[in-house]
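Asks: Input entry.pdb, format and content: PDB, N, CA, C and O atoms.
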MODEL        1
ATOM      1  N   TYR A 180     -35.916 -38.021  -1.527
ATOM      2  CA  TYR A 180     -35.980 -39.392  -1.094
ATOM      3  C   TYR A 180     -37.173 -40.103  -1.730
ATOM      4  O   TYR A 180     -37.049 -41.211  -2.212
ATOM      5  N   LEU A 181     -38.315 -39.451  -1.698
ATOM      6  CA  LEU A 181     -39.527 -40.098  -2.227
ATOM      7  C   LEU A 181     -39.422 -40.402  -3.705
ATOM      8  O   LEU A 181     -39.893 -41.434  -4.168
ATOM      9  N   PHE A 182     -38.816 -39.509  -4.457
ATOM     10  CA  PHE A 182     -38.729 -39.710  -5.899
ATOM     11  C   PHE A 182     -37.435 -40.389  -6.318
ATOM     12  O   PHE A 182     -37.435 -41.232  -7.212
ATOM     13  N   ASP A 183     -36.317 -40.039  -5.694
ATOM     14  CA  ASP A 183     -35.029 -40.611  -6.089
ATOM     15  C   ASP A 183     -34.825 -42.025  -5.580
ATOM     16  O   ASP A 183     -34.381 -42.897  -6.307
ATOM     17  N   TYR A 184     -35.140 -42.262  -4.323
ATOM     18  CA  TYR A 184     -34.837 -43.551  -3.723
ATOM     19  C   TYR A 184     -36.012 -44.518  -3.758
ATOM     20  O   TYR A 184     -35.858 -45.683  -4.091
ATOM     21  N   LEU A 185     -37.211 -44.032  -3.437
ATOM     22  CA  LEU A 185     -38.390 -44.899  -3.454
ATOM     23  C   LEU A 185     -39.013 -45.005  -4.837
ATOM     24  O   LEU A 185     -39.877 -45.839  -5.063
ATOM     25  N   ASP A 186     -38.593 -44.138  -5.752
ATOM     26  CA  ASP A 186     -39.041 -44.161  -7.143
ATOM     27  C   ASP A 186     -40.560 -44.015  -7.266
ATOM     28  O   ASP A 186     -41.192 -44.673  -8.081
ATOM     29  N   LEU A 187     -41.141 -43.146  -6.445
ATOM     30  CA  LEU A 187     -42.578 -42.894  -6.517
ATOM     31  C   LEU A 187     -42.886 -41.987  -7.698
ATOM     32  O   LEU A 187     -42.067 -41.172  -8.104
ATOM     33  N   ARG A 188     -44.084 -42.106  -8.257
ATOM     34  CA  ARG A 188     -44.515 -41.224  -9.342
ATOM     35  C   ARG A 188     -45.212 -39.985  -8.814
ATOM     36  O   ARG A 188     -45.364 -39.004  -9.526
ATOM     37  N   GLY A 189     -45.643 -40.029  -7.562
ATOM     38  CA  GLY A 189     -46.306 -38.879  -6.954
ATOM     39  C   GLY A 189     -46.447 -39.091  -5.462
ATOM     40  O   GLY A 189     -46.289 -40.199  -4.957
ATOM     41  N   THR A 190     -46.734 -38.018  -4.774
ATOM     42  CA  THR A 190     -46.940 -38.078  -3.336
ATOM     43  C   THR A 190     -48.080 -37.133  -2.961
ATOM     44  O   THR A 190     -48.346 -36.178  -3.675
ATOM     45  N   THR A 191     -48.747 -37.425  -1.865
ATOM     46  CA  THR A 191     -49.868 -36.599  -1.428
ATOM     47  C   THR A 191     -49.637 -36.117  -0.005
ATOM     48  O   THR A 191     -48.825 -36.683   0.735
ATOM     49  N   ALA A 192     -50.366 -35.084   0.354
ATOM     50  CA  ALA A 192     -50.312 -34.545   1.709
ATOM     51  C   ALA A 192     -51.692 -34.016   2.069
ATOM     52  O   ALA A 192     -52.457 -33.631   1.191
ATOM     53  N   GLU A 193     -51.992 -34.021   3.354
ATOM     54  CA  GLU A 193     -53.229 -33.437   3.874
ATOM     55  C   GLU A 193     -52.845 -32.342   4.854
ATOM     56  O   GLU A 193     -52.056 -32.574   5.765
ATOM     57  N   ILE A 194     -53.400 -31.161   4.661
ATOM     58  CA  ILE A 194     -53.090 -30.027   5.522
ATOM     59  C   ILE A 194     -54.393 -29.339   5.894
ATOM     60  O   ILE A 194     -55.263 -29.141   5.047
ATOM     61  N   ALA A 195     -54.532 -28.970   7.145
ATOM     62  CA  ALA A 195     -55.712 -28.227   7.581
ATOM     63  C   ALA A 195     -55.733 -26.872   6.874
ATOM     64  O   ALA A 195     -54.699 -26.220   6.729
ATOM     65  N   ALA A 196     -56.903 -26.464   6.424
ATOM     66  CA  ALA A 196     -57.034 -25.238   5.640
ATOM     67  C   ALA A 196     -56.646 -23.989   6.419
ATOM     68  O   ALA A 196     -56.274 -22.980   5.815
ATOM     69  N   ASP A 197     -56.686 -24.042   7.737
ATOM     70  CA  ASP A 197     -56.302 -22.866   8.520
ATOM     71  C   ASP A 197     -54.797 -22.803   8.811
ATOM     72  O   ASP A 197     -54.327 -21.875   9.436
ATOM     73  N   ASN A 198     -54.043 -23.761   8.313
ATOM     74  CA  ASN A 198     -52.591 -23.771   8.481
ATOM     75  C   ASN A 198     -51.962 -23.079   7.257
ATOM     76  O   ASN A 198     -51.428 -23.710   6.357
ATOM     77  N   GLU A 199     -52.035 -21.764   7.252
ATOM     78  CA  GLU A 199     -51.604 -20.977   6.098
ATOM     79  C   GLU A 199     -50.123 -21.134   5.795
ATOM     80  O   GLU A 199     -49.726 -21.172   4.628
ATOM     81  N   ARG A 200     -49.304 -21.228   6.812
ATOM     82  CA  ARG A 200     -47.864 -21.367   6.594
ATOM     83  C   ARG A 200     -47.534 -22.679   5.875
ATOM     84  O   ARG A 200     -46.756 -22.698   4.921
ATOM     85  N   ALA A 201     -48.148 -23.778   6.292
ATOM     86  CA  ALA A 201     -47.903 -25.063   5.637
ATOM     87  C   ALA A 201     -48.421 -25.056   4.203
ATOM     88  O   ALA A 201     -47.785 -25.618   3.306
ATOM     89  N   LEU A 202     -49.564 -24.432   3.970
ATOM     90  CA  LEU A 202     -50.101 -24.348   2.611
ATOM     91  C   LEU A 202     -49.193 -23.533   1.698
ATOM     92  O   LEU A 202     -48.979 -23.900   0.533
ATOM     93  N   ARG A 203     -48.645 -22.429   2.200
ATOM     94  CA  ARG A 203     -47.713 -21.622   1.393
ATOM     95  C   ARG A 203     -46.449 -22.405   1.077
ATOM     96  O   ARG A 203     -45.944 -22.372  -0.050
ATOM     97  N   LEU A 204     -45.929 -23.116   2.066
ATOM     98  CA  LEU A 204     -44.726 -23.921   1.859
ATOM     99  C   LEU A 204     -44.981 -25.013   0.823
ATOM    100  O   LEU A 204     -44.173 -25.222  -0.087
ATOM    101  N   ALA A 205     -46.104 -25.702   0.954
ATOM    102  CA  ALA A 205     -46.433 -26.759   0.001
ATOM    103  C   ALA A 205     -46.569 -26.196  -1.418
ATOM    104  O   ALA A 205     -46.107 -26.811  -2.388
ATOM    105  N   ALA A 206     -47.167 -25.024  -1.557
ATOM    106  CA  ALA A 206     -47.308 -24.399  -2.879
ATOM    107  C   ALA A 206     -45.938 -24.040  -3.450
ATOM    108  O   ALA A 206     -45.703 -24.206  -4.658
ATOM    109  N   ARG A 207     -45.019 -23.558  -2.614
ATOM    110  CA  ARG A 207     -43.669 -23.224  -3.088
ATOM    111  C   ARG A 207     -42.928 -24.461  -3.574
ATOM    112  O   ARG A 207     -42.136 -24.386  -4.515
ATOM    113  N   ILE A 208     -43.166 -25.588  -2.927
ATOM    114  CA  ILE A 208     -42.516 -26.831  -3.336
ATOM    115  C   ILE A 208     -43.098 -27.333  -4.649
ATOM    116  O   ILE A 208     -42.388 -27.912  -5.467
ATOM    117  N   GLY A 209     -44.386 -27.089  -4.874
ATOM    118  CA  GLY A 209     -45.013 -27.518  -6.115
ATOM    119  C   GLY A 209     -46.269 -28.336  -5.943
ATOM    120  O   GLY A 209     -46.837 -28.823  -6.920
ATOM    121  N   TYR A 210     -46.723 -28.524  -4.702
ATOM    122  CA  TYR A 210     -47.959 -29.261  -4.453
ATOM    123  C   TYR A 210     -49.143 -28.477  -5.017
ATOM    124  O   TYR A 210     -49.161 -27.247  -4.962
ATOM    125  N   THR A 211     -50.129 -29.200  -5.544
ATOM    126  CA  THR A 211     -51.360 -28.587  -6.028
ATOM    127  C   THR A 211     -52.548 -29.259  -5.348
ATOM    128  O   THR A 211     -52.523 -30.449  -5.061
ATOM    129  N   GLU A 212     -53.587 -28.476  -5.100
ATOM    130  CA  GLU A 212     -54.785 -28.992  -4.447
ATOM    131  C   GLU A 212     -55.588 -29.835  -5.429
ATOM    132  O   GLU A 212     -55.815 -29.434  -6.557
ATOM    133  N   PHE A 213     -56.003 -31.026  -4.967
ATOM    134  CA  PHE A 213     -56.845 -31.856  -5.822
ATOM    135  C   PHE A 213     -58.181 -32.204  -5.168
ATOM    136  O   PHE A 213     -59.077 -32.713  -5.836
ATOM    137  N   ALA A 214     -58.332 -31.918  -3.886
ATOM    138  CA  ALA A 214     -59.598 -32.178  -3.201
ATOM    139  C   ALA A 214     -59.633 -31.386  -1.905
ATOM    140  O   ALA A 214     -58.612 -30.891  -1.437
ATOM    141  N   ARG A 215     -60.835 -31.308  -1.342
ATOM    142  CA  ARG A 215     -61.004 -30.586  -0.087
ATOM    143  C   ARG A 215     -62.081 -31.282   0.727
ATOM    144  O   ARG A 215     -63.147 -31.594   0.216
ATOM    145  N   GLY A 216     -61.784 -31.527   1.981
ATOM    146  CA  GLY A 216     -62.768 -32.075   2.906
ATOM    147  C   GLY A 216     -63.349 -30.931   3.721
ATOM    148  O   GLY A 216     -62.607 -30.117   4.263
ATOM    149  N   HIS A 217     -64.645 -30.845   3.775
ATOM    150  CA  HIS A 217     -65.289 -29.723   4.458
ATOM    151  C   HIS A 217     -65.557 -30.037   5.926
ATOM    152  O   HIS A 217     -66.065 -31.097   6.265
ATOM    153  N   GLU A 218     -65.177 -29.098   6.774
ATOM    154  CA  GLU A 218     -65.392 -29.175   8.216
ATOM    155  C   GLU A 218     -64.897 -30.496   8.808
ATOM    156  O   GLU A 218     -65.620 -31.227   9.461
ATOM    157  N   VAL A 219     -63.634 -30.783   8.570
ATOM    158  CA  VAL A 219     -63.032 -32.042   9.009
ATOM    159  C   VAL A 219     -62.459 -31.942  10.421
ATOM    160  O   VAL A 219     -62.621 -32.846  11.227
ATOM    161  N   TYR A 220     -61.774 -30.850  10.715
ATOM    162  CA  TYR A 220     -61.119 -30.686  12.011
ATOM    163  C   TYR A 220     -61.908 -29.730  12.890
ATOM    164  O   TYR A 220     -62.392 -28.704  12.422
ATOM    165  N   TYR A 221     -61.991 -30.052  14.174
ATOM    166  CA  TYR A 221     -62.626 -29.168  15.148
ATOM    167  C   TYR A 221     -61.573 -28.729  16.138
ATOM    168  O   TYR A 221     -60.988 -29.532  16.846
ATOM    169  N   ARG A 222     -61.307 -27.440  16.165
ATOM    170  CA  ARG A 222     -60.375 -26.918  17.154
ATOM    171  C   ARG A 222     -60.675 -25.451  17.423
ATOM    172  O   ARG A 222     -61.151 -24.734  16.543
ATOM    173  N   ASP A 223     -60.430 -25.070  18.611
ATOM    174  CA  ASP A 223     -60.698 -23.695  19.066
ATOM    175  C   ASP A 223     -62.147 -23.290  18.834
ATOM    176  O   ASP A 223     -62.432 -22.145  18.475
ATOM    177  N   GLY A 224     -63.063 -24.228  18.989
ATOM    178  CA  GLY A 224     -64.478 -23.913  18.901
ATOM    179  C   GLY A 224     -65.055 -23.782  17.511
ATOM    180  O   GLY A 224     -66.176 -23.320  17.344
ATOM    181  N   ALA A 225     -64.307 -24.193  16.476
ATOM    182  CA  ALA A 225     -64.827 -24.080  15.110
ATOM    183  C   ALA A 225     -64.284 -25.225  14.255
ATOM    184  O   ALA A 225     -63.263 -25.832  14.573
ATOM    185  N   TYR A 226     -64.980 -25.496  13.181
ATOM    186  CA  TYR A 226     -64.533 -26.507  12.224
ATOM    187  C   TYR A 226     -63.703 -25.853  11.130
ATOM    188  O   TYR A 226     -63.929 -24.701  10.764
ATOM    189  N   THR A 227     -62.747 -26.605  10.608
ATOM    190  CA  THR A 227     -61.940 -26.131   9.486
ATOM    191  C   THR A 227     -61.833 -27.237   8.440
ATOM    192  O   THR A 227     -61.976 -28.420   8.751
ATOM    193  N   ASP A 228     -61.599 -26.834   7.215
ATOM    194  CA  ASP A 228     -61.504 -27.782   6.110
ATOM    195  C   ASP A 228     -60.155 -28.491   6.103
ATOM    196  O   ASP A 228     -59.201 -28.077   6.754
ATOM    197  N   ASP A 229     -60.093 -29.559   5.325
ATOM    198  CA  ASP A 229     -58.880 -30.324   5.099
ATOM    199  C   ASP A 229     -58.538 -30.178   3.619
ATOM    200  O   ASP A 229     -59.394 -30.376   2.757
ATOM    201  N   VAL A 230     -57.304 -29.823   3.311
ATOM    202  CA  VAL A 230     -56.874 -29.640   1.930
ATOM    203  C   VAL A 230     -55.998 -30.826   1.549
ATOM    204  O   VAL A 230     -55.033 -31.152   2.240
ATOM    205  N   TYR A 231     -56.341 -31.483   0.454
ATOM    206  CA  TYR A 231     -55.574 -32.608  -0.063
ATOM    207  C   TYR A 231     -54.707 -32.115  -1.208
ATOM    208  O   TYR A 231     -55.203 -31.505  -2.157
ATOM    209  N   LEU A 232     -53.413 -32.384  -1.120
ATOM    210  CA  LEU A 232     -52.444 -31.871  -2.086
ATOM    211  C   LEU A 232     -51.693 -33.026  -2.736
ATOM    212  O   LEU A 232     -51.517 -34.086  -2.133
ATOM    213  N   ARG A 233     -51.228 -32.798  -3.968
ATOM    214  CA  ARG A 233     -50.473 -33.807  -4.703
ATOM    215  C   ARG A 233     -49.270 -33.157  -5.365
ATOM    216  O   ARG A 233     -49.360 -32.044  -5.870
ATOM    217  N   LEU A 234     -48.154 -33.881  -5.358
ATOM    218  CA  LEU A 234     -46.940 -33.471  -6.049
ATOM    219  C   LEU A 234     -46.514 -34.614  -6.956
ATOM    220  O   LEU A 234     -46.262 -35.722  -6.482
ATOM    221  N   ASP A 235     -46.446 -34.348  -8.255
ATOM    222  CA  ASP A 235     -46.030 -35.355  -9.229
ATOM    223  C   ASP A 235     -44.525 -35.321  -9.426
ATOM    224  O   ASP A 235     -43.885 -34.282  -9.263
ATOM    225  N   ARG A 236     -43.985 -36.458  -9.805
ATOM    226  CA  ARG A 236     -42.551 -36.563 -10.031
ATOM    227  C   ARG A 236     -42.080 -35.590 -11.108
ATOM    228  O   ARG A 236     -41.024 -34.984 -10.997
ATOM    229  N   GLU A 237     -42.868 -35.428 -12.164
ATOM    230  CA  GLU A 237     -42.485 -34.530 -13.253
ATOM    231  C   GLU A 237     -42.342 -33.089 -12.753
ATOM    232  O   GLU A 237     -41.431 -32.372 -13.151
ATOM    233  N   THR A 238     -43.247 -32.674 -11.876
ATOM    234  CA  THR A 238     -43.178 -31.326 -11.310
ATOM    235  C   THR A 238     -41.927 -31.172 -10.462
ATOM    236  O   THR A 238     -41.217 -30.172 -10.550
ATOM    237  N   TRP A 239     -41.650 -32.171  -9.636
ATOM    238  CA  TRP A 239     -40.450 -32.125  -8.793
ATOM    239  C   TRP A 239     -39.190 -32.069  -9.647
ATOM    240  O   TRP A 239     -38.300 -31.248  -9.405
ATOM    241  N   ASP A 240     -39.097 -32.940 -10.652
ATOM    242  CA  ASP A 240     -37.911 -32.963 -11.505
ATOM    243  C   ASP A 240     -37.722 -31.642 -12.237
ATOM    244  O   ASP A 240     -36.597 -31.160 -12.376
ATOM    245  N   ALA A 241     -38.810 -31.039 -12.717
ATOM    246  CA  ALA A 241     -38.707 -29.767 -13.431
ATOM    247  C   ALA A 241     -38.230 -28.640 -12.511
ATOM    248  O   ALA A 241     -37.458 -27.774 -12.932
ATOM    249  N   ARG A 242     -38.662 -28.663 -11.270
ATOM    250  CA  ARG A 242     -38.321 -27.572 -10.351
ATOM    251  C   ARG A 242     -37.031 -27.801  -9.581
ATOM    252  O   ARG A 242     -36.264 -26.866  -9.363
ATOM    253  N   PHE A 243     -36.792 -29.033  -9.133
ATOM    254  CA  PHE A 243     -35.679 -29.279  -8.216
ATOM    255  C   PHE A 243     -34.779 -30.450  -8.601
ATOM    256  O   PHE A 243     -33.774 -30.682  -7.949
ATOM    257  N   GLY A 244     -35.136 -31.209  -9.611
ATOM    258  CA  GLY A 244     -34.418 -32.445  -9.928
ATOM    259  C   GLY A 244     -32.942 -32.265 -10.220
ATOM    260  O   GLY A 244     -32.124 -33.123  -9.885
ATOM    261  N   ALA A 245     -32.569 -31.165 -10.831
ATOM    262  CA  ALA A 245     -31.171 -30.962 -11.196
ATOM    263  C   ALA A 245     -30.327 -30.444 -10.041
ATOM    264  O   ALA A 245     -29.113 -30.621 -10.027
ATOM    265  N   SER A 246     -30.962 -29.823  -9.039
ATOM    266  CA  SER A 246     -30.173 -29.161  -7.999
ATOM    267  C   SER A 246     -30.378 -29.691  -6.587
ATOM    268  O   SER A 246     -29.573 -29.406  -5.707
ATOM    269  N   GLU A 247     -31.426 -30.436  -6.324
ATOM    270  CA  GLU A 247     -31.772 -30.801  -4.948
ATOM    271  C   GLU A 247     -31.695 -32.291  -4.655
ATOM    272  O   GLU A 247     -32.356 -32.771  -3.765
ATOM    273  N   ARG A 248     -30.914 -33.024  -5.363
ATOM    274  CA  ARG A 248     -30.826 -34.458  -5.126
ATOM    275  C   ARG A 248     -29.953 -34.741  -3.908
ATOM    276  O   ARG A 248     -28.819 -34.306  -3.833
ATOM    277  N   GLU A 249     -30.522 -35.473  -2.943
ATOM    278  CA  GLU A 249     -29.754 -35.892  -1.783
ATOM    279  C   GLU A 249     -29.366 -37.357  -1.900
ATOM    280  O   GLU A 249     -28.481 -37.824  -1.218
ATOM    281  N   TYR A 250     -30.076 -38.078  -2.746
ATOM    282  CA  TYR A 250     -29.830 -39.510  -2.929
ATOM    283  C   TYR A 250     -29.580 -39.750  -4.413
ATOM    284  O   TYR A 250     -30.242 -39.181  -5.258
ATOM    285  N   THR A 251     -28.645 -40.613  -4.704
ATOM    286  CA  THR A 251     -28.404 -40.993  -6.081
ATOM    287  C   THR A 251     -29.595 -41.841  -6.540
ATOM    288  O   THR A 251     -29.956 -42.800  -5.870
ATOM    289  N   PRO A 252     -30.207 -41.495  -7.680
ATOM    290  CA  PRO A 252     -31.342 -42.304  -8.148
ATOM    291  C   PRO A 252     -30.935 -43.752  -8.376
ATOM    292  O   PRO A 252     -29.835 -44.044  -8.829
ATOM    293  N   LEU A 253     -31.829 -44.665  -8.023
ATOM    294  CA  LEU A 253     -31.565 -46.083  -8.233
ATOM    295  C   LEU A 253     -31.645 -46.407  -9.721
ATOM    296  O   LEU A 253     -32.422 -45.808 -10.456
ATOM    297  N   SER A 254     -30.867 -47.377 -10.138
ATOM    298  CA  SER A 254     -30.948 -47.839 -11.512
ATOM    299  C   SER A 254     -32.231 -48.647 -11.697
ATOM    300  O   SER A 254     -32.771 -49.194 -10.725
ATOM    301  N   PRO A 255     -32.750 -48.751 -12.926
ATOM    302  CA  PRO A 255     -33.975 -49.532 -13.144
ATOM    303  C   PRO A 255     -33.820 -51.000 -12.718
ATOM    304  O   PRO A 255     -34.769 -51.623 -12.269
ATOM    305  N   GLU A 256     -32.623 -51.544 -12.803
ATOM    306  CA  GLU A 256     -32.397 -52.942 -12.397
ATOM    307  C   GLU A 256     -32.527 -53.121 -10.883
ATOM    308  O   GLU A 256     -32.929 -54.176 -10.414
ATOM    309  N   ALA A 257     -32.227 -52.078 -10.117
ATOM    310  CA  ALA A 257     -32.259 -52.186  -8.666
ATOM    311  C   ALA A 257     -33.672 -52.275  -8.117
ATOM    312  O   ALA A 257     -33.905 -52.878  -7.075
ATOM    313  N   SER A 258     -34.624 -51.664  -8.820
ATOM    314  CA  SER A 258     -35.988 -51.668  -8.302
ATOM    315  C   SER A 258     -36.763 -52.894  -8.759
ATOM    316  O   SER A 258     -37.911 -53.049  -8.395
ATOM    317  N   GLY A 259     -36.149 -53.724  -9.561
ATOM    318  CA  GLY A 259     -36.683 -55.032  -9.873
ATOM    319  C   GLY A 259     -37.781 -55.095 -10.792
ATOM    320  O   GLY A 259     -38.641 -55.794 -10.953
TER     321      GLY A 259
ENDMDL
END
Starting from the file, give its structure as structure tokens.
Replies:
Amino acid sequence: YLFDYLDLRGTTAEIAADNERALRLAARIGYTEFARGHEVYYRDGAYTDDVYLRLDRETWDARFGASEREYTPLSPEASG
């Protein structure tokens, strides 16, 4: 949706560094870390970092563009 319908060139996500399952999932999709916030979240009596991730359209198209389209890409005329 983000790349096919909204025609974005990239997308970002923020995930707490102690959320290992979300980080593994994001890595499998193709997100890469571009920044880190230190001691951003406080929970269970300790601080944890914040991981900033980015996924570029080129990476998505190379990995999933041919097989995972749920929306027909808009024509260049449609996006104005």
Asks: Check the smallest atom-to-atom distance from each of A:Ile194, A:Leu204, A:Leu185, A:Val219 to A:Tyr231 using all atoms listed in the file, then report the winner.
Replies: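 Among the listed residues, A:Ile194 lies closest to A:Tyr231.
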Asks: So for stretch 196-200 of chain A, what box centre and size do we get, axis-aligned, 6 Å extra on each of the six sides, every listed atom, Å to one decimal, as JSON?
Replies:
{"center_x": -51.9, "center_y": -23.7, "center_z": 7.0, "size_x": 22.3, "size_y": 17.5, "size_z": 16.8}
Asks: Excluding A:Thr191 and any residue of its chain fewer than 4 positions from it, enumerate the residues within 10 Å of it, using only C-alpha atoms, and give them as a ChimeraX atom specification.
Replies: /A:210-213,231-235
Asks: From a DSSP calculation on the backbone, collect every residue of chain A in strand (DSSP E) and output the set as a PyMOL selection string.
Replies: chain A and resi 189-195+211-222+225-235
Asks: Since we have the selection now, will you write its residues out, keeping N, CA, C and O atoms, as a short mmCIF file (atom, residue, chain, number, x, y, z; two decimals), in the coordinates of the input?
Replies:
data_model
loop_
_atom_site.label_atom_id
_atom_site.label_comp_id
_atom_site.auth_asym_id
_atom_site.auth_seq_id
_atom_site.Cartn_x
_atom_site.Cartn_y
_atom_site.Cartn_z
N GLY A 189 -45.64 -40.03 -7.56
CA GLY A 189 -46.31 -38.88 -6.95
C GLY A 189 -46.45 -39.09 -5.46
O GLY A 189 -46.29 -40.20 -4.96
N THR A 190 -46.73 -38.02 -4.77
CA THR A 190 -46.94 -38.08 -3.34
C THR A 190 -48.08 -37.13 -2.96
O THR A 190 -48.35 -36.18 -3.68
N THR A 191 -48.75 -37.42 -1.86
CA THR A 191 -49.87 -36.60 -1.43
C THR A 191 -49.64 -36.12 0.00
O THR A 191 -48.82 -36.68 0.74
N ALA A 192 -50.37 -35.08 0.35
CA ALA A 192 -50.31 -34.54 1.71
C ALA A 192 -51.69 -34.02 2.07
O ALA A 192 -52.46 -33.63 1.19
N GLU A 193 -51.99 -34.02 3.35
CA GLU A 193 -53.23 -33.44 3.87
C GLU A 193 -52.84 -32.34 4.85
O GLU A 193 -52.06 -32.57 5.76
N ILE A 194 -53.40 -31.16 4.66
CA ILE A 194 -53.09 -30.03 5.52
C ILE A 194 -54.39 -29.34 5.89
O ILE A 194 -55.26 -29.14 5.05
N ALA A 195 -54.53 -28.97 7.14
CA ALA A 195 -55.71 -28.23 7.58
C ALA A 195 -55.73 -26.87 6.87
O ALA A 195 -54.70 -26.22 6.73
N THR A 211 -50.13 -29.20 -5.54
CA THR A 211 -51.36 -28.59 -6.03
C THR A 211 -52.55 -29.26 -5.35
O THR A 211 -52.52 -30.45 -5.06
N GLU A 212 -53.59 -28.48 -5.10
CA GLU A 212 -54.78 -28.99 -4.45
C GLU A 212 -55.59 -29.84 -5.43
O GLU A 212 -55.82 -29.43 -6.56
N PHE A 213 -56.00 -31.03 -4.97
CA PHE A 213 -56.84 -31.86 -5.82
C PHE A 213 -58.18 -32.20 -5.17
O PHE A 213 -59.08 -32.71 -5.84
N ALA A 214 -58.33 -31.92 -3.89
CA ALA A 214 -59.60 -32.18 -3.20
C ALA A 214 -59.63 -31.39 -1.90
O ALA A 214 -58.61 -30.89 -1.44
N ARG A 215 -60.84 -31.31 -1.34
CA ARG A 215 -61.00 -30.59 -0.09
C ARG A 215 -62.08 -31.28 0.73
O ARG A 215 -63.15 -31.59 0.22
N GLY A 216 -61.78 -31.53 1.98
CA GLY A 216 -62.77 -32.08 2.91
C GLY A 216 -63.35 -30.93 3.72
O GLY A 216 -62.61 -30.12 4.26
N HIS A 217 -64.64 -30.84 3.78
CA HIS A 217 -65.29 -29.72 4.46
C HIS A 217 -65.56 -30.04 5.93
O HIS A 217 -66.06 -31.10 6.26
N GLU A 218 -65.18 -29.10 6.77
CA GLU A 218 -65.39 -29.18 8.22
C GLU A 218 -64.90 -30.50 8.81
O GLU A 218 -65.62 -31.23 9.46
N VAL A 219 -63.63 -30.78 8.57
CA VAL A 219 -63.03 -32.04 9.01
C VAL A 219 -62.46 -31.94 10.42
O VAL A 219 -62.62 -32.85 11.23
N TYR A 220 -61.77 -30.85 10.72
CA TYR A 220 -61.12 -30.69 12.01
C TYR A 220 -61.91 -29.73 12.89
O TYR A 220 -62.39 -28.70 12.42
N TYR A 221 -61.99 -30.05 14.17
CA TYR A 221 -62.63 -29.17 15.15
C TYR A 221 -61.57 -28.73 16.14
O TYR A 221 -60.99 -29.53 16.85
N ARG A 222 -61.31 -27.44 16.16
CA ARG A 222 -60.38 -26.92 17.15
C ARG A 222 -60.68 -25.45 17.42
O ARG A 222 -61.15 -24.73 16.54
N ALA A 225 -64.31 -24.19 16.48
CA ALA A 225 -64.83 -24.08 15.11
C ALA A 225 -64.28 -25.22 14.26
O ALA A 225 -63.26 -25.83 14.57
N TYR A 226 -64.98 -25.50 13.18
CA TYR A 226 -64.53 -26.51 12.22
C TYR A 226 -63.70 -25.85 11.13
O TYR A 226 -63.93 -24.70 10.76
N THR A 227 -62.75 -26.60 10.61
CA THR A 227 -61.94 -26.13 9.49
C THR A 227 -61.83 -27.24 8.44
O THR A 227 -61.98 -28.42 8.75
N ASP A 228 -61.60 -26.83 7.22
CA ASP A 228 -61.50 -27.78 6.11
C ASP A 228 -60.16 -28.49 6.10
O ASP A 228 -59.20 -28.08 6.75
N ASP A 229 -60.09 -29.56 5.32
CA ASP A 229 -58.88 -30.32 5.10
C ASP A 229 -58.54 -30.18 3.62
O ASP A 229 -59.39 -30.38 2.76
N VAL A 230 -57.30 -29.82 3.31
CA VAL A 230 -56.87 -29.64 1.93
C VAL A 230 -56.00 -30.83 1.55
O VAL A 230 -55.03 -31.15 2.24
N TYR A 231 -56.34 -31.48 0.45
CA TYR A 231 -55.57 -32.61 -0.06
C TYR A 231 -54.71 -32.12 -1.21
O TYR A 231 -55.20 -31.50 -2.16
N LEU A 232 -53.41 -32.38 -1.12
CA LEU A 232 -52.44 -31.87 -2.09
C LEU A 232 -51.69 -33.03 -2.74
O LEU A 232 -51.52 -34.09 -2.13
N ARG A 233 -51.23 -32.80 -3.97
CA ARG A 233 -50.47 -33.81 -4.70
C ARG A 233 -49.27 -33.16 -5.36
O ARG A 233 -49.36 -32.04 -5.87
N LEU A 234 -48.15 -33.88 -5.36
CA LEU A 234 -46.94 -33.47 -6.05
C LEU A 234 -46.51 -34.61 -6.96
O LEU A 234 -46.26 -35.72 -6.48
N ASP A 235 -46.45 -34.35 -8.26
CA ASP A 235 -46.03 -35.35 -9.23
C ASP A 235 -44.52 -35.32 -9.43
O ASP A 235 -43.88 -34.28 -9.26
#
Asks: Applying 10 Å and only C-alpha atoms, which residues near A:Asp229 remain after dropping the ones on its own chain fewer than 5 positions away? List them as a PyMOL selection string.
Replies: chain A and resi 193-198+214-220
Asks: Do you have the atom CA of A:Ala206-atom CA of A:Asp183 distance handy?
Replies: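 These two atoms are separated by 20.6 Å.
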